[in-house]
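Trainee: One structure, pasted below without further comment.
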Amino acid sequence: MLDLADAYLESLANEARHRVTQSVSTLYIGGGTPSSLSCRQLEKLFDILPEPVGAGECTIEVNPEDVNDQMAHFIAHSTPVNRVSMGVQSMVEAELSAAGRRHSPLTVVRACDTFRHHGITNLSLDLIYGLPTQTVDSWRYSLDALLALSPDHLSAYMLSYEPRTRFTAMRDAGKLKEASEETLVEMYHSLLDRTRAAGMEHYEISNFALTGRRAIHNSSYWNGSDYIGLGTGAHSFIQGVRGYNPPDIRAYIRQKGLQFYVEESETDCNRFNDVVITRLRTSDGLSVDHLRRQFGDSMTDQLLRDARPHLDAGRISLSAGVMRIPEESWLVSDAILVDLIA
């Protein structure tokens, strides 16, 4: 009987043959734990996927505890991967334990060293703030410890309490308290101060990069470029139409990856809101002229009217036809965006 991972890869190969019809400029392997695959399975995975044209960005997500010399050597020398994204979450042992993570801060240091030893130097590291038991001081410690590793890219996400997750269940049972708004604000400003001192550009609400190291693939989600997602739970945006694969692995395997993709039915209003929300999450901002060409005068003029109170209060800027939410307001951007969406 086929191993579940091998059966999944066969289904993925089927889907790729039927849905990938042109070359790609970037490739991102993630949304799960691809680093838990064996080198044999990783080789099969890369045989399935199209290689980015030219020297295009190719990223793989890894867990620190999965990284070893054999895996890093294989990824560096037998695949097109030139960028690694590592889920760190925290550099404090007690916080990692509370989050149910299996790695330690030392594991993170060793994983970074291992990839660099094998020639992959473009590293993106992820942190979370607002974790249970986390304090402003411990958050600053995590930031300093991570930045001391000199990553090219940092993603820092505020903990969100999603349905049916461990933290949500613990909160609802009274076993933990959410971080206060004042604590989150202080953590956010520490994040801005320390990344700025490290020479990083804050180019999207949760993302920071050294010059020339923005995540090219992820930027396609925010700038409206086409992208295709393969495998369970993957989303796509193709010629203005969004779609997704349901997150049911066994059903995906039963259908051999075929006729599994579902196109979403979107109105002009949905598409307008997508553009407004994604563009205003970035330092590049939203081009009013682009919005007008895409959606016409009525919706664009309404946006400008809705934005006026925020413009007057300095929570939004409008210069040379580009609307932006200033960095200091990004933490409260949801409250601004809710006033702007159609």
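The way I read the labels, and the way they are meant: chains A, B, ... in the order of the structure tokens, residue 1 as the first residue of every chain, and ligand 1 as the first ligand shown, with later ones counted on from there.
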Give me every alpha helix (DSSP H) residue in stretch 23-265 of chain A, going by DSSP on the backbone, as number ranges by chain.
Mentor: A: 39-48, 69-78, 93-98, 105-117, 136-147, 166-172, 181-197, 216-223, 249-254
Trainee: Please produce, as JSON lines, a per-residue contact table for stretch 113-134 of chain A versus stretch 72-80 of chain A (criterion: any atom at most 7 Å away, only C-alpha atoms considered), showing the nearest atom pair and its distance in Å to one decimal, sorted by chain then residue number.
Mentor:
```
{"residue": "A:Thr114", "atom": "CA", "partner": "A:Ala72", "partner_atom": "CA", "distance": 6.8}
{"residue": "A:Phe115", "atom": "CA", "partner": "A:Ala72", "partner_atom": "CA", "distance": 5.7}
{"residue": "A:His118", "atom": "CA", "partner": "A:His73", "partner_atom": "CA", "distance": 5.7}
{"residue": "A:Gly119", "atom": "CA", "partner": "A:Ala76", "partner_atom": "CA", "distance": 6.4}
{"residue": "A:Ile120", "atom": "CA", "partner": "A:Ala76", "partner_atom": "CA", "distance": 6.2}
```
Trainee: Calculated over only C-alpha atoms, which of the candidates A:Val262, A:Ile128, A:Ala55, A:Gly231 has the smallest distance to A:Pro247?
Mentor: A:Gly231
Trainee: Can you pull out every residue from stretch 187-264 of chain A that DSSP, working from the backbone, puts in strand (DSSP E or B), and format the result as an MDAnalysis selection string?
Mentor: chainID A and resid 201:204 207:209 227 235:238 241:244 262:263
Trainee: Those same residues, written as a CSV table (one decimal), in the first residue's frame with N, CA and C atoms?
Mentor:
```
chain,number,residue,atom,x,y,z
A,201,GLU,N,13.5,47.0,5.6
A,201,GLU,CA,12.4,47.8,5.1
A,201,GLU,C,11.1,47.2,5.5
A,202,HIS,N,10.2,48.0,6.0
A,202,HIS,CA,8.8,47.4,6.4
A,202,HIS,C,7.9,47.6,5.2
A,203,TYR,N,7.8,46.6,4.3
A,203,TYR,CA,7.1,46.7,3.1
A,203,TYR,C,5.7,46.2,3.0
A,204,GLU,N,5.3,45.4,4.1
A,204,GLU,CA,4.0,44.9,4.2
A,204,GLU,C,3.7,44.8,5.7
A,207,ASN,N,5.7,42.1,7.2
A,207,ASN,CA,6.9,41.6,6.5
A,207,ASN,C,7.9,42.7,6.4
A,208,PHE,N,9.2,42.3,6.7
A,208,PHE,CA,10.3,43.2,6.7
A,208,PHE,C,11.5,42.5,5.9
A,209,ALA,N,12.2,43.3,5.2
A,209,ALA,CA,13.3,42.7,4.4
A,209,ALA,C,14.5,43.7,4.2
A,227,TYR,N,-1.4,33.8,-9.8
A,227,TYR,CA,-0.6,32.7,-9.1
A,227,TYR,C,-1.5,31.5,-9.1
A,235,HIS,N,-4.7,28.1,-2.8
A,235,HIS,CA,-5.6,29.1,-3.4
A,235,HIS,C,-4.9,29.5,-4.7
A,236,SER,N,-5.7,30.0,-5.7
A,236,SER,CA,-5.2,30.5,-7.0
A,236,SER,C,-5.9,31.8,-7.3
A,237,PHE,N,-5.2,32.5,-8.2
A,237,PHE,CA,-5.8,33.8,-8.7
A,237,PHE,C,-5.3,33.8,-10.2
A,238,ILE,N,-6.2,33.5,-11.1
A,238,ILE,CA,-5.9,33.4,-12.5
A,238,ILE,C,-6.8,34.3,-13.4
A,241,VAL,N,-9.8,35.7,-11.6
A,241,VAL,CA,-10.7,34.7,-11.0
A,241,VAL,C,-10.0,33.9,-9.9
A,242,ARG,N,-10.6,34.0,-8.7
A,242,ARG,CA,-10.0,33.2,-7.6
A,242,ARG,C,-10.6,31.8,-7.5
A,243,GLY,N,-9.8,30.9,-6.9
A,243,GLY,CA,-10.3,29.6,-6.7
A,243,GLY,C,-9.5,28.9,-5.6
A,244,TYR,N,-9.9,27.7,-5.2
A,244,TYR,CA,-9.1,27.0,-4.1
A,244,TYR,C,-9.4,25.5,-4.3
A,262,VAL,N,-12.0,24.4,-7.1
A,262,VAL,CA,-13.3,25.1,-7.1
A,262,VAL,C,-13.1,26.5,-7.4
A,263,GLU,N,-13.7,27.1,-8.4
A,263,GLU,CA,-13.6,28.5,-8.7
A,263,GLU,C,-14.6,29.2,-7.8
```
Trainee: For atom CA of A:Arg281 and atom CA of A:Ala156, quote the distance in Å rounded to one decimal.
Mentor: 13.9 Å
Trainee: Out of A:Ser38, A:Ser142, A:Gln259, A:Asn245, which residue has the shortest atom-to-atom distance to A:His18 when counting only C-alpha atoms?
Mentor: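 Smallest distance to A:His18 is found for A:Gln259.
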